[in-house]
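A.B. asks: Have a peek at final.pdb (PDB, C-alpha atoms).
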ATOM      1  CA  MET A   1    -149.717 -71.308 156.425
ATOM      2  CA  LYS A   2    -146.721 -71.438 158.705
ATOM      3  CA  SER A   3    -146.234 -74.476 160.898
ATOM      4  CA  LEU A   4    -143.839 -75.195 163.733
ATOM      5  CA  SER A   5    -141.863 -77.582 161.533
ATOM      6  CA  ASP A   6    -140.635 -74.561 159.486
ATOM      7  CA  LEU A   7    -138.447 -73.745 162.462
ATOM      8  CA  GLN A   8    -136.015 -76.588 161.864
ATOM      9  CA  LYS A   9    -134.957 -75.120 158.527
ATOM     10  CA  LEU A  10    -134.987 -71.583 159.868
ATOM     11  CA  ARG A  11    -132.807 -72.639 162.783
ATOM     12  CA  ASP A  12    -129.903 -73.656 160.560
ATOM     13  CA  GLU A  13    -130.102 -70.490 158.457
ATOM     14  CA  ALA A  14    -130.312 -68.300 161.531
ATOM     15  CA  LYS A  15    -127.297 -69.985 163.121
ATOM     16  CA  LYS A  16    -125.036 -68.914 160.261
ATOM     17  CA  ARG A  17    -126.220 -65.310 160.361
ATOM     18  CA  VAL A  18    -125.953 -65.063 164.149
ATOM     19  CA  SER A  19    -122.223 -65.778 164.073
ATOM     20  CA  MET A  20    -121.770 -63.143 161.340
ATOM     21  CA  ARG A  21    -123.785 -60.544 163.187
ATOM     22  CA  GLU A  22    -122.720 -61.040 166.748
ATOM     23  CA  GLY A  23    -119.146 -62.175 166.243
ATOM     24  CA  ASP A  24    -118.098 -58.727 167.360
ATOM     25  CA  ALA A  25    -121.198 -56.552 167.480
ATOM     26  CA  ARG A  26    -119.918 -52.990 167.213
ATOM     27  CA  TYR A  27    -123.078 -51.199 168.218
ATOM     28  CA  ARG A  28    -125.662 -51.614 170.930
ATOM     29  CA  VAL A  29    -129.149 -50.402 170.030
ATOM     30  CA  VAL A  30    -131.546 -49.879 172.950
ATOM     31  CA  VAL A  31    -135.261 -49.049 172.805
ATOM     32  CA  GLY A  32    -137.097 -47.515 175.785
ATOM     33  CA  MET A  33    -140.003 -49.828 176.547
ATOM     34  CA  ALA A  34    -141.695 -48.563 179.716
ATOM     35  CA  THR A  35    -145.321 -47.380 179.951
ATOM     36  CA  CYS A  36    -144.375 -44.003 178.438
ATOM     37  CA  GLY A  37    -142.498 -45.580 175.519
ATOM     38  CA  ILE A  38    -145.224 -48.132 174.798
ATOM     39  CA  ALA A  39    -147.975 -45.509 174.807
ATOM     40  CA  ALA A  40    -145.922 -43.323 172.433
ATOM     41  CA  GLY A  41    -145.364 -46.164 169.957
ATOM     42  CA  ALA A  42    -142.086 -47.840 170.967
ATOM     43  CA  ARG A  43    -143.305 -51.321 170.029
ATOM     44  CA  PRO A  44    -143.609 -50.671 166.266
ATOM     45  CA  VAL A  45    -140.184 -48.987 166.453
ATOM     46  CA  LEU A  46    -138.641 -52.080 168.043
ATOM     47  CA  ASN A  47    -140.435 -54.223 165.488
ATOM     48  CA  ALA A  48    -139.061 -52.156 162.583
ATOM     49  CA  LEU A  49    -135.522 -52.503 163.969
ATOM     50  CA  VAL A  50    -135.929 -56.270 164.359
ATOM     51  CA  GLU A  51    -137.375 -56.676 160.836
ATOM     52  CA  GLU A  52    -134.668 -54.529 159.276
ATOM     53  CA  SER A  53    -131.934 -56.540 160.973
ATOM     54  CA  ALA A  54    -133.623 -59.816 160.035
ATOM     55  CA  ASN A  55    -133.299 -58.823 156.380
ATOM     56  CA  ASN A  56    -129.791 -57.359 156.539
ATOM     57  CA  THR A  57    -126.628 -57.995 158.457
ATOM     58  CA  TYR A  58    -125.886 -55.207 160.897
ATOM     59  CA  SER A  59    -123.123 -55.416 163.452
ATOM     60  CA  CYS A  60    -125.300 -54.701 166.463
ATOM     61  CA  THR A  61    -127.406 -56.118 169.227
ATOM     62  CA  ILE A  62    -130.912 -54.806 169.868
ATOM     63  CA  SER A  63    -132.248 -54.646 173.390
ATOM     64  CA  GLN A  64    -134.870 -52.939 175.533
ATOM     65  CA  THR A  65    -134.754 -50.808 178.610
ATOM     66  CA  GLY A  66    -137.194 -49.137 180.988
ATOM     67  CA  CYS A  67    -137.982 -45.461 181.332
ATOM     68  CA  ILE A  68    -135.114 -43.258 180.159
ATOM     69  CA  GLY A  69    -136.557 -40.221 181.951
ATOM     70  CA  MET A  70    -137.613 -38.089 178.985
ATOM     71  CA  CYS A  71    -141.152 -39.395 178.535
ATOM     72  CA  THR A  72    -142.317 -36.529 176.312
ATOM     73  CA  LEU A  73    -139.567 -37.360 173.814
ATOM     74  CA  GLU A  74    -140.530 -41.046 173.468
ATOM     75  CA  PRO A  75    -140.138 -43.272 171.502
ATOM     76  CA  ILE A  76    -136.424 -43.108 172.255
ATOM     77  CA  VAL A  77    -133.648 -45.198 170.697
ATOM     78  CA  GLU A  78    -130.126 -45.075 172.106
ATOM     79  CA  ILE A  79    -127.124 -46.313 170.163
ATOM     80  CA  SER A  80    -123.766 -46.918 171.835
ATOM     81  CA  GLY A  81    -120.823 -47.250 169.516
ATOM     82  CA  PRO A  82    -117.381 -48.852 169.645
ATOM     83  CA  ASP A  83    -115.917 -45.589 171.007
ATOM     84  CA  GLY A  84    -118.263 -45.861 174.004
ATOM     85  CA  LYS A  85    -120.173 -42.759 172.919
ATOM     86  CA  LYS A  86    -123.944 -42.885 173.277
ATOM     87  CA  ILE A  87    -126.282 -41.101 170.860
ATOM     88  CA  THR A  88    -129.924 -40.604 171.855
ATOM     89  CA  TYR A  89    -132.542 -40.445 169.116
ATOM     90  CA  VAL A  90    -135.962 -39.078 170.069
ATOM     91  CA  HIS A  91    -139.513 -39.041 168.655
ATOM     92  CA  VAL A  92    -138.556 -42.076 166.617
ATOM     93  CA  ASN A  93    -141.101 -43.813 164.396
ATOM     94  CA  PRO A  94    -140.689 -47.061 162.427
ATOM     95  CA  ALA A  95    -139.502 -45.286 159.252
ATOM     96  CA  LYS A  96    -136.990 -43.146 161.160
ATOM     97  CA  ALA A  97    -135.796 -46.232 163.056
ATOM     98  CA  VAL A  98    -134.843 -47.952 159.802
ATOM     99  CA  GLU A  99    -133.090 -44.788 158.551
ATOM    100  CA  ILE A 100    -131.182 -44.534 161.823
ATOM    101  CA  LEU A 101    -130.090 -48.163 161.706
ATOM    102  CA  LYS A 102    -128.953 -47.868 158.075
ATOM    103  CA  SER A 103    -127.010 -44.667 158.651
ATOM    104  CA  HIS A 104    -125.632 -45.047 162.174
ATOM    105  CA  VAL A 105    -124.924 -48.779 162.323
ATOM    106  CA  GLY A 106    -124.684 -49.548 158.617
ATOM    107  CA  ASN A 107    -122.686 -46.458 157.608
ATOM    108  CA  ASP A 108    -121.116 -45.224 160.869
ATOM    109  CA  THR A 109    -122.846 -41.871 160.347
ATOM    110  CA  VAL A 110    -124.872 -40.258 163.145
ATOM    111  CA  LEU A 111    -128.226 -38.912 161.901
ATOM    112  CA  GLU A 112    -127.990 -35.535 163.630
ATOM    113  CA  ALA A 113    -131.491 -34.387 162.647
ATOM    114  CA  TYR A 114    -133.154 -37.020 164.852
ATOM    115  CA  THR A 115    -130.956 -36.721 167.939
ATOM    116  CA  VAL A 116    -132.055 -35.295 171.270
ATOM    117  CA  ASP A 117    -129.742 -32.296 170.773
ATOM    118  CA  SER A 118    -131.608 -31.290 167.626
ATOM    119  CA  ALA A 119    -134.984 -31.718 169.337
ATOM    120  CA  LYS A 120    -134.167 -29.271 172.132
TER     121      LYS A 120
ATOM    122  CA  MET B   1    -151.899 -40.571 178.002
ATOM    123  CA  MET B   2    -153.746 -43.609 176.714
ATOM    124  CA  MET B   3    -152.896 -47.024 175.397
ATOM    125  CA  GLN B   4    -154.033 -47.426 171.798
ATOM    126  CA  ASP B   5    -155.276 -50.969 172.116
ATOM    127  CA  MET B   6    -155.399 -54.117 174.235
ATOM    128  CA  ALA B   7    -152.091 -55.375 172.871
ATOM    129  CA  MET B   8    -150.332 -52.235 174.162
ATOM    130  CA  HIS B   9    -151.861 -52.710 177.634
ATOM    131  CA  LEU B  10    -150.746 -56.323 177.490
ATOM    132  CA  LEU B  11    -147.148 -55.401 176.655
ATOM    133  CA  ASP B  12    -147.030 -52.934 179.521
ATOM    134  CA  ILE B  13    -148.554 -55.291 182.093
ATOM    135  CA  VAL B  14    -146.345 -58.258 181.162
ATOM    136  CA  GLN B  15    -143.296 -55.978 181.551
ATOM    137  CA  ASN B  16    -144.373 -55.749 185.214
ATOM    138  CA  SER B  17    -144.351 -59.564 185.454
ATOM    139  CA  ILE B  18    -140.861 -59.636 184.003
ATOM    140  CA  SER B  19    -139.668 -56.916 186.381
ATOM    141  CA  ALA B  20    -141.082 -59.077 189.183
ATOM    142  CA  ASP B  21    -138.705 -61.884 188.103
ATOM    143  CA  ALA B  22    -141.426 -64.151 186.706
ATOM    144  CA  SER B  23    -140.097 -67.199 184.850
ATOM    145  CA  THR B  24    -143.571 -68.180 183.633
ATOM    146  CA  VAL B  25    -146.211 -65.841 182.249
ATOM    147  CA  SER B  26    -149.492 -67.034 180.830
ATOM    148  CA  ILE B  27    -151.827 -64.786 178.899
ATOM    149  CA  THR B  28    -155.455 -65.642 178.235
ATOM    150  CA  ILE B  29    -157.552 -63.584 175.847
ATOM    151  CA  THR B  30    -161.127 -64.417 174.933
ATOM    152  CA  GLU B  31    -163.328 -62.569 172.484
ATOM    153  CA  SER B  32    -166.997 -63.340 172.034
ATOM    154  CA  LYS B  33    -169.619 -61.356 170.198
ATOM    155  CA  VAL B  34    -172.197 -64.007 171.092
ATOM    156  CA  ASN B  35    -171.613 -63.478 174.834
ATOM    157  CA  ASP B  36    -170.746 -59.790 174.340
ATOM    158  CA  LEU B  37    -167.552 -60.246 176.299
ATOM    159  CA  PHE B  38    -163.861 -59.483 175.957
ATOM    160  CA  THR B  39    -161.503 -60.794 178.633
ATOM    161  CA  MET B  40    -157.753 -60.563 179.101
ATOM    162  CA  GLU B  41    -155.851 -62.090 181.994
ATOM    163  CA  ILE B  42    -152.158 -62.286 182.789
ATOM    164  CA  SER B  43    -150.924 -64.723 185.370
ATOM    165  CA  ASP B  44    -147.294 -64.926 186.489
ATOM    166  CA  ASN B  45    -145.075 -66.625 189.032
ATOM    167  CA  GLY B  46    -143.178 -63.462 189.928
ATOM    168  CA  ILE B  47    -142.282 -62.322 193.443
ATOM    169  CA  GLY B  48    -145.842 -61.138 194.097
ATOM    170  CA  MET B  49    -147.065 -58.180 196.120
ATOM    171  CA  ASP B  50    -148.179 -57.797 199.706
ATOM    172  CA  ALA B  51    -151.464 -56.104 200.645
ATOM    173  CA  ALA B  52    -149.876 -52.667 201.051
ATOM    174  CA  LEU B  53    -148.152 -52.682 197.652
ATOM    175  CA  LEU B  54    -151.248 -54.181 196.042
ATOM    176  CA  LYS B  55    -153.233 -51.169 197.164
ATOM    177  CA  LYS B  56    -150.520 -48.767 196.117
ATOM    178  CA  VAL B  57    -150.053 -49.983 192.530
ATOM    179  CA  ARG B  58    -153.658 -49.167 191.670
ATOM    180  CA  SER B  59    -152.914 -45.516 192.332
ATOM    181  CA  PRO B  60    -150.915 -43.538 189.765
ATOM    182  CA  TYR B  61    -148.514 -42.649 192.546
ATOM    183  CA  GLY B  62    -147.601 -46.243 193.300
ATOM    184  CA  THR B  63    -144.666 -47.753 191.491
ATOM    185  CA  THR B  64    -141.634 -49.924 192.074
ATOM    186  CA  ARG B  65    -139.683 -47.702 189.736
ATOM    187  CA  THR B  66    -136.774 -45.929 191.326
ATOM    188  CA  THR B  67    -136.268 -43.223 188.698
ATOM    189  CA  ARG B  68    -139.527 -41.524 189.568
ATOM    190  CA  LYS B  69    -142.436 -41.963 191.970
ATOM    191  CA  ILE B  70    -145.160 -42.350 189.335
ATOM    192  CA  GLY B  71    -146.318 -45.546 187.628
ATOM    193  CA  LEU B  72    -149.223 -45.611 185.239
ATOM    194  CA  GLY B  73    -149.456 -49.096 183.747
ATOM    195  CA  ILE B  74    -152.012 -50.637 186.126
ATOM    196  CA  PRO B  75    -154.112 -47.457 186.589
ATOM    197  CA  LEU B  76    -154.348 -47.131 182.790
ATOM    198  CA  LEU B  77    -155.636 -50.696 182.481
ATOM    199  CA  GLU B  78    -158.110 -50.295 185.326
ATOM    200  CA  GLY B  79    -159.226 -46.932 183.939
ATOM    201  CA  MET B  80    -159.916 -48.497 180.552
ATOM    202  CA  ALA B  81    -162.020 -51.267 182.135
ATOM    203  CA  THR B  82    -164.004 -48.778 184.217
ATOM    204  CA  GLN B  83    -164.634 -46.540 181.230
ATOM    205  CA  CYS B  84    -166.067 -49.525 179.342
ATOM    206  CA  ASN B  85    -168.422 -50.576 182.175
ATOM    207  CA  GLY B  86    -166.194 -53.572 182.653
ATOM    208  CA  ALA B  87    -164.403 -55.168 185.567
ATOM    209  CA  PHE B  88    -160.784 -55.194 186.676
ATOM    210  CA  HIS B  89    -159.227 -57.749 188.991
ATOM    211  CA  LEU B  90    -155.850 -57.991 190.651
ATOM    212  CA  THR B  91    -154.764 -60.628 193.116
ATOM    213  CA  SER B  92    -151.270 -61.357 194.292
ATOM    214  CA  LYS B  93    -149.437 -63.404 196.837
ATOM    215  CA  VAL B  94    -145.857 -62.858 197.932
ATOM    216  CA  GLY B  95    -143.706 -65.731 196.721
ATOM    217  CA  VAL B  96    -146.458 -67.162 194.520
ATOM    218  CA  GLY B  97    -147.272 -64.639 191.803
ATOM    219  CA  THR B  98    -149.817 -62.233 190.461
ATOM    220  CA  ILE B  99    -153.009 -62.484 188.442
ATOM    221  CA  ILE B 100    -154.324 -59.370 186.749
ATOM    222  CA  GLY B 101    -157.162 -59.098 184.286
ATOM    223  CA  VAL B 102    -160.047 -57.217 182.782
ATOM    224  CA  SER B 103    -163.403 -58.204 181.372
ATOM    225  CA  VAL B 104    -165.362 -55.693 179.335
ATOM    226  CA  PRO B 105    -168.494 -55.779 177.166
ATOM    227  CA  TYR B 106    -167.394 -56.588 173.624
ATOM    228  CA  SER B 107    -169.828 -54.104 172.098
ATOM    229  CA  HIS B 108    -168.940 -51.162 174.369
ATOM    230  CA  TRP B 109    -168.241 -48.018 172.369
ATOM    231  CA  ASP B 110    -165.030 -47.259 174.270
ATOM    232  CA  ARG B 111    -163.557 -50.751 174.192
ATOM    233  CA  PRO B 112    -160.110 -50.472 172.582
ATOM    234  CA  PRO B 113    -159.545 -52.880 169.691
ATOM    235  CA  LEU B 114    -157.468 -56.012 170.220
ATOM    236  CA  GLY B 115    -154.460 -54.562 168.401
ATOM    237  CA  ASN B 116    -151.431 -56.465 167.236
ATOM    238  CA  ILE B 117    -150.985 -59.284 169.763
ATOM    239  CA  ALA B 118    -148.320 -60.943 167.613
ATOM    240  CA  GLU B 119    -146.092 -57.857 167.749
ATOM    241  CA  THR B 120    -146.579 -57.608 171.512
ATOM    242  CA  ILE B 121    -145.516 -61.243 171.995
ATOM    243  CA  GLY B 122    -142.560 -60.571 169.682
ATOM    244  CA  ALA B 123    -141.462 -57.546 171.706
ATOM    245  CA  LEU B 124    -141.740 -59.515 174.955
ATOM    246  CA  LEU B 125    -139.719 -62.443 173.637
ATOM    247  CA  GLN B 126    -137.128 -60.054 172.195
ATOM    248  CA  GLY B 127    -136.608 -58.469 175.610
ATOM    249  CA  SER B 128    -136.945 -61.615 177.714
ATOM    250  CA  PRO B 129    -136.212 -64.711 175.636
ATOM    251  CA  ASP B 130    -135.753 -66.878 178.731
ATOM    252  CA  VAL B 131    -139.257 -66.350 180.103
ATOM    253  CA  SER B 132    -141.667 -69.185 179.463
ATOM    254  CA  LEU B 133    -144.497 -67.334 177.784
ATOM    255  CA  SER B 134    -147.819 -68.789 176.746
ATOM    256  CA  LEU B 135    -150.796 -67.292 174.977
ATOM    257  CA  ASN B 136    -154.271 -68.801 174.949
ATOM    258  CA  TYR B 137    -156.412 -66.914 172.506
ATOM    259  CA  SER B 138    -159.985 -67.691 171.658
ATOM    260  CA  PHE B 139    -162.606 -66.145 169.414
ATOM    261  CA  GLU B 140    -166.070 -67.602 170.096
ATOM    262  CA  ASP B 141    -165.372 -71.340 170.485
ATOM    263  CA  GLN B 142    -162.195 -71.432 168.368
ATOM    264  CA  LYS B 143    -158.882 -71.602 170.208
ATOM    265  CA  PHE B 144    -155.211 -71.003 169.496
ATOM    266  CA  ASN B 145    -152.408 -71.809 171.923
ATOM    267  CA  PHE B 146    -148.893 -70.495 171.621
ATOM    268  CA  SER B 147    -146.042 -71.461 173.893
ATOM    269  CA  SER B 148    -142.503 -70.117 173.731
ATOM    270  CA  ASP B 149    -141.307 -73.433 175.230
ATOM    271  CA  GLU B 150    -142.554 -75.276 172.152
ATOM    272  CA  ILE B 151    -140.611 -72.894 169.913
ATOM    273  CA  LYS B 152    -137.500 -73.439 172.031
ATOM    274  CA  LYS B 153    -137.936 -77.186 171.672
ATOM    275  CA  GLU B 154    -137.982 -76.848 167.874
ATOM    276  CA  LEU B 155    -134.907 -74.617 167.978
ATOM    277  CA  GLN B 156    -133.127 -77.167 170.184
ATOM    278  CA  ASP B 157    -131.238 -74.442 172.069
ATOM    279  CA  GLU B 158    -129.060 -73.868 169.010
ATOM    280  CA  VAL B 159    -130.324 -70.343 168.352
ATOM    281  CA  SER B 160    -132.150 -67.930 170.615
ATOM    282  CA  LEU B 161    -135.751 -67.176 169.756
ATOM    283  CA  ALA B 162    -134.774 -63.517 170.133
ATOM    284  CA  GLU B 163    -132.796 -63.656 166.882
ATOM    285  CA  PRO B 164    -134.445 -61.310 164.352
ATOM    286  CA  GLU B 165    -135.183 -64.050 161.779
ATOM    287  CA  ILE B 166    -136.834 -66.282 164.375
ATOM    288  CA  LEU B 167    -138.777 -63.414 165.951
ATOM    289  CA  SER B 168    -140.147 -62.308 162.579
ATOM    290  CA  TRP B 169    -141.262 -65.861 161.899
ATOM    291  CA  ILE B 170    -142.937 -66.162 165.316
ATOM    292  CA  GLN B 171    -144.823 -62.905 164.796
ATOM    293  CA  GLU B 172    -146.090 -63.913 161.383
ATOM    294  CA  TYR B 173    -147.063 -67.327 162.718
ATOM    295  CA  ILE B 174    -149.083 -65.893 165.630
ATOM    296  CA  GLN B 175    -150.681 -63.293 163.357
ATOM    297  CA  GLN B 176    -151.785 -65.970 160.880
ATOM    298  CA  GLN B 177    -153.168 -68.248 163.583
ATOM    299  CA  ILE B 178    -155.124 -65.455 165.279
ATOM    300  CA  GLN B 179    -156.627 -64.363 161.964
ATOM    301  CA  LEU B 180    -157.571 -67.944 161.171
ATOM    302  CA  ILE B 181    -159.313 -68.351 164.535
ATOM    303  CA  GLN B 182    -161.142 -65.057 164.044
ATOM    304  CA  VAL B 183    -162.417 -66.128 160.621
ATOM    305  CA  GLN B 184    -163.419 -69.590 161.801
ATOM    306  CA  GLY B 185    -165.032 -68.313 165.015
ATOM    307  CA  GLY B 186    -166.765 -65.529 163.106
ATOM    308  CA  MET B 187    -168.184 -67.936 160.530
ATOM    309  CA  LYS B 188    -169.662 -70.145 163.248
ATOM    310  CA  ASN B 189    -171.236 -67.039 164.714
ATOM    311  CA  GLU B 190    -172.905 -66.255 161.382
ATOM    312  CA  ILE B 191    -174.247 -69.804 161.069
ATOM    313  CA  ILE B 192    -175.792 -69.652 164.583
ATOM    314  CA  LYS B 193    -177.554 -66.428 163.626
TER     315      LYS B 193
END
Would you encode the structure as structure tokens?
C.D. replies:
Amino acid sequence: MKSLSDLQKLRDEAKKRVSMREGDARYRVVVGMATCGIAAGARPVLNALVEESANNTYSCTISQTGCIGMCTLEPIVEISGPDGKKITYVHVNPAKAVEILKSHVGNDTVLEAYTVDSAK
Amino acid sequence: MMMQDMAMHLLDIVQNSISADASTVSITITESKVNDLFTMEISDNGIGMDAALLKKVRSPYGTTRTTRKIGLGIPLLEGMATQCNGAFHLTSKVGVGTIIGVSVPYSHWDRPPLGNIAETIGALLQGSPDVSLSLNYSFEDQKFNFSSDEIKKELQDEVSLAEPEILSWIQEYIQQQIQLIQVQGGMKNEIIK
């Protein structure tokens, strides 16, 4: 069983990784988390992204936003890169989210097949 | 459109509290087979709503959103309660906060399952690590209390609880505790029978 006292040890480990990860986060990953996103399954997508980045070191921050305006394409994940360009991934599920993170943030390679342009 | 389970409704409704600038949100969930009752209540200290807005948000065409004139979170929750022969309540006071909740028969055919409360709390803390969030969960007479302030105290402000490692830990911790309460509460229920 986990107990609150585990946190003291975890705190020190996390501190080291935070400075590695966020020293100069190159990417910003944003998940749409309004009513439409939630109903379509955005929460497990966010969770998959958080778990994947807890186990690996990606140079990115993960955050949430409201309705992006394309409710039928939810869950939506947007990634903004160092060049300021924003890529929108649609109909994302937890497995796709991990693939996207590995390829786009880990390997600097946009996963064209999952982008909004491919969905249209 | 429908929410899969109670945890999804919860996530959606607490997002409203956060949009209303709440610094404190407390969630109470009770499950009882013995009393045939499921309740969920969210209470916040956000900006609150006046009578006109209060009436409006219960309609699908009432929303504070500026991108579009439709908001579905509250109507979905109320619709679920109605469908289950349950009750919905919403009270709010400008400058004080809002209380919103449902109570539905536990055994009702249409009652959505509890869902993953731990993941919902995780998602909320990830998005709003500064909000003081508490969860009071009970199954029969067994209780579990979670408070994000307690976690922050353990972390001593050295790392944010929104860091992936910490969030994963919090989710597993809540999940374990809820399961424990469900087993313990359920066993008591069997003994009473």
A.B. asks: Have a look at B:Arg58, B:Arg111, B:Lys33, B:His9 and name the one nearest to chain A; count all atoms listed in the file.
C.D. replies: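 Using all atoms listed in the file, chain A sits closest to B:His9.
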A.B. asks: Just give me the gap between CA of Gly84 (chain A) and CA of Tyr114 (chain A) in Å, one decimal is fine.
C.D. replies: 19.6 Å
A.B. asks: Can you write out as a Markdown table which residues of chain A fall within 8 Å of chain B, alongside each residue's closest atom pair and its distance in Å to one decimal, counting all atoms listed in the file and ordering rows by chain and ascending residue number?
C.D. replies:
| residue | atom | partner | partner_atom | distance |
| --- | --- | --- | --- | --- |
| A:Met1 | CA | B:Gln176 | CA | 7.3 |
| A:Lys2 | CA | B:Tyr173 | CA | 5.8 |
| A:Ser3 | CA | B:Tyr173 | CA | 7.4 |
| A:Leu4 | CA | B:Ile151 | CA | 7.3 |
| A:Ser5 | CA | B:Glu154 | CA | 7.5 |
| A:Leu7 | CA | B:Glu154 | CA | 6.3 |
| A:Gln8 | CA | B:Glu154 | CA | 6.3 |
| A:Leu10 | CA | B:Ile166 | CA | 7.2 |
| A:Arg11 | CA | B:Leu155 | CA | 5.9 |
| A:Ala14 | CA | B:Glu165 | CA | 6.5 |
| A:Lys15 | CA | B:Val159 | CA | 6.1 |
| A:Val18 | CA | B:Glu163 | CA | 7.5 |
| A:Ala34 | CA | B:Asp12 | CA | 6.9 |
| A:Thr35 | CA | B:Asp12 | CA | 5.8 |
| A:Ile38 | CA | B:Met8 | CA | 6.6 |
| A:Ala39 | CA | B:Met3 | CA | 5.2 |
| A:Arg43 | CA | B:Ala123 | CA | 6.7 |
| A:Pro44 | CA | B:Glu119 | CA | 7.7 |
| A:Leu46 | CA | B:Ala123 | CA | 7.2 |
| A:Asn47 | CA | B:Glu119 | CA | 7.1 |
| A:Val50 | CA | B:Pro164 | CA | 5.3 |
| A:Glu51 | CA | B:Pro164 | CA | 6.5 |
| A:Ser53 | CA | B:Pro164 | CA | 6.4 |
| A:Ala54 | CA | B:Pro164 | CA | 4.6 |
| A:Asn55 | CA | B:Glu165 | CA | 7.7 |
| A:Ser63 | CA | B:Gly127 | CA | 6.2 |
| A:Gln64 | CA | B:Gly127 | CA | 5.8 |
| A:Cys67 | CA | B:Thr67 | CA | 7.9 |
| A:Gly69 | CA | B:Thr67 | CA | 7.4 |
A.B. asks: Of the candidates A:Val30, A:Ala113, A:Ile79, A:Ala42, which one gets nearest to Pro94 (chain A) if we count all atoms listed in the file?
C.D. replies: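 The answer is A:Ala42, which sits nearest to Pro94 (chain A).
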A.B. asks: Find the residues around Met40 (chain B) up to 8 Å (only C-alpha atoms counted), leave out those fewer than 2 positions away in its own chain, and share them as a list in words.
C.D. replies: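 Listed by chain and then number, they are Ile27, Thr28, Ile29, Thr30, Phe38, Ile42, Gly101, Val102 and Ser103 of chain B.
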A.B. asks: Between B:Met80, B:Leu114, B:Leu125, B:Ile99, single out the one closest to Ser26 (chain B), counting all atoms listed in the file.
C.D. replies: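 Of all the options, B:Ile99 lies closest to Ser26 (chain B).
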A.B. asks: Listed atoms of region 97-102 of chain B, axis-aligned box, 4 Å per side: centre and edge lengths to one decimal in Å, as lines of an AutoDock Vina configuration file?
C.D. replies:
center_x = -153.7
center_y = -60.9
center_z = 187.3
size_x = 20.8
size_y = 15.4
size_z = 17.0
A.B. asks: With distances taken over all atoms listed in the file, which residue among A:Glu74, A:Glu13, A:Glu99, A:Asp108 lies nearest Cys60 (chain A)?
C.D. replies: A:Asp108
A.B. asks: Using the chain letters and numbers from this file, what does the PyMOL selection byres ((chain B and resi 139) around 12) select? Give the answer as a ChimeraX atom specification.
C.D. replies: /B:28-39,106,114,136-138,140-145,177-189
A.B. asks: With the PyMOL selection byres ((chain A and resi 101) around 10) as the selection, what would be picked from this file? Answer as a list in words, please.
C.D. replies: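 Evaluating the PyMOL selection byres ((chain A and resi 101) around 10) on these coordinates yields Val29, Ala48, Leu49, Glu52, Ser53, Tyr58, Cys60, Ile79, Lys96, Ala97, Val98, Glu99, Ile100, Lys102, Ser103, His104, Val105, Gly106, Asn107, Asp108, Thr109, Val110 and Leu111 of chain A.
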A.B. asks: Leaving out Asn85 (chain B) and any residue of its chain fewer than 4 positions from it, which residues lie within 8 Å of it when counting only C-alpha atoms, given as a list in words?
C.D. replies: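 Residues meeting the cut-off are Ala81, Val104, Pro105 and His108 of chain B.
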A.B. asks: I'd like the interatomic distance between CA of Gly32 (chain A) and CA of Ile62 (chain A), to a tenth of an Å.
C.D. replies: 11.2 Å
A.B. asks: What do you get, as a list in words, if you spell out every residue that the PyMOL selection byres ((chain B and resi 98) around 9) selects here?
C.D. replies: Ser17, Ile42, Ser43, Asp44, Asn45, Gly46, Ile47, Gly48, Met49, Leu90, Thr91, Ser92, Lys93, Val94, Val96, Gly97, Ile99 and Ile100 of chain B
A.B. asks: Find the distance between CA of Leu53 (chain B) and CA of Leu77 (chain B) and write it in Å to one decimal.
C.D. replies: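 So the two atoms, CA of Leu53 (chain B) and CA of Leu77 (chain B), lie 17.0 Å apart.
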A.B. asks: My list of candidates is B:Glu41, B:Asp110, B:Glu78, B:Asp50. Which is closest to Leu10 (chain B) when distances are computed with all atoms listed in the file?
C.D. replies: B:Glu41
A.B. asks: Nearest to Asp83 (chain A): which of A:Lys16, A:Ile68, A:Asp117, A:Tyr27 is it, counting all atoms listed in the file?
C.D. replies: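 So, comparing all the options, the nearest one is A:Tyr27.
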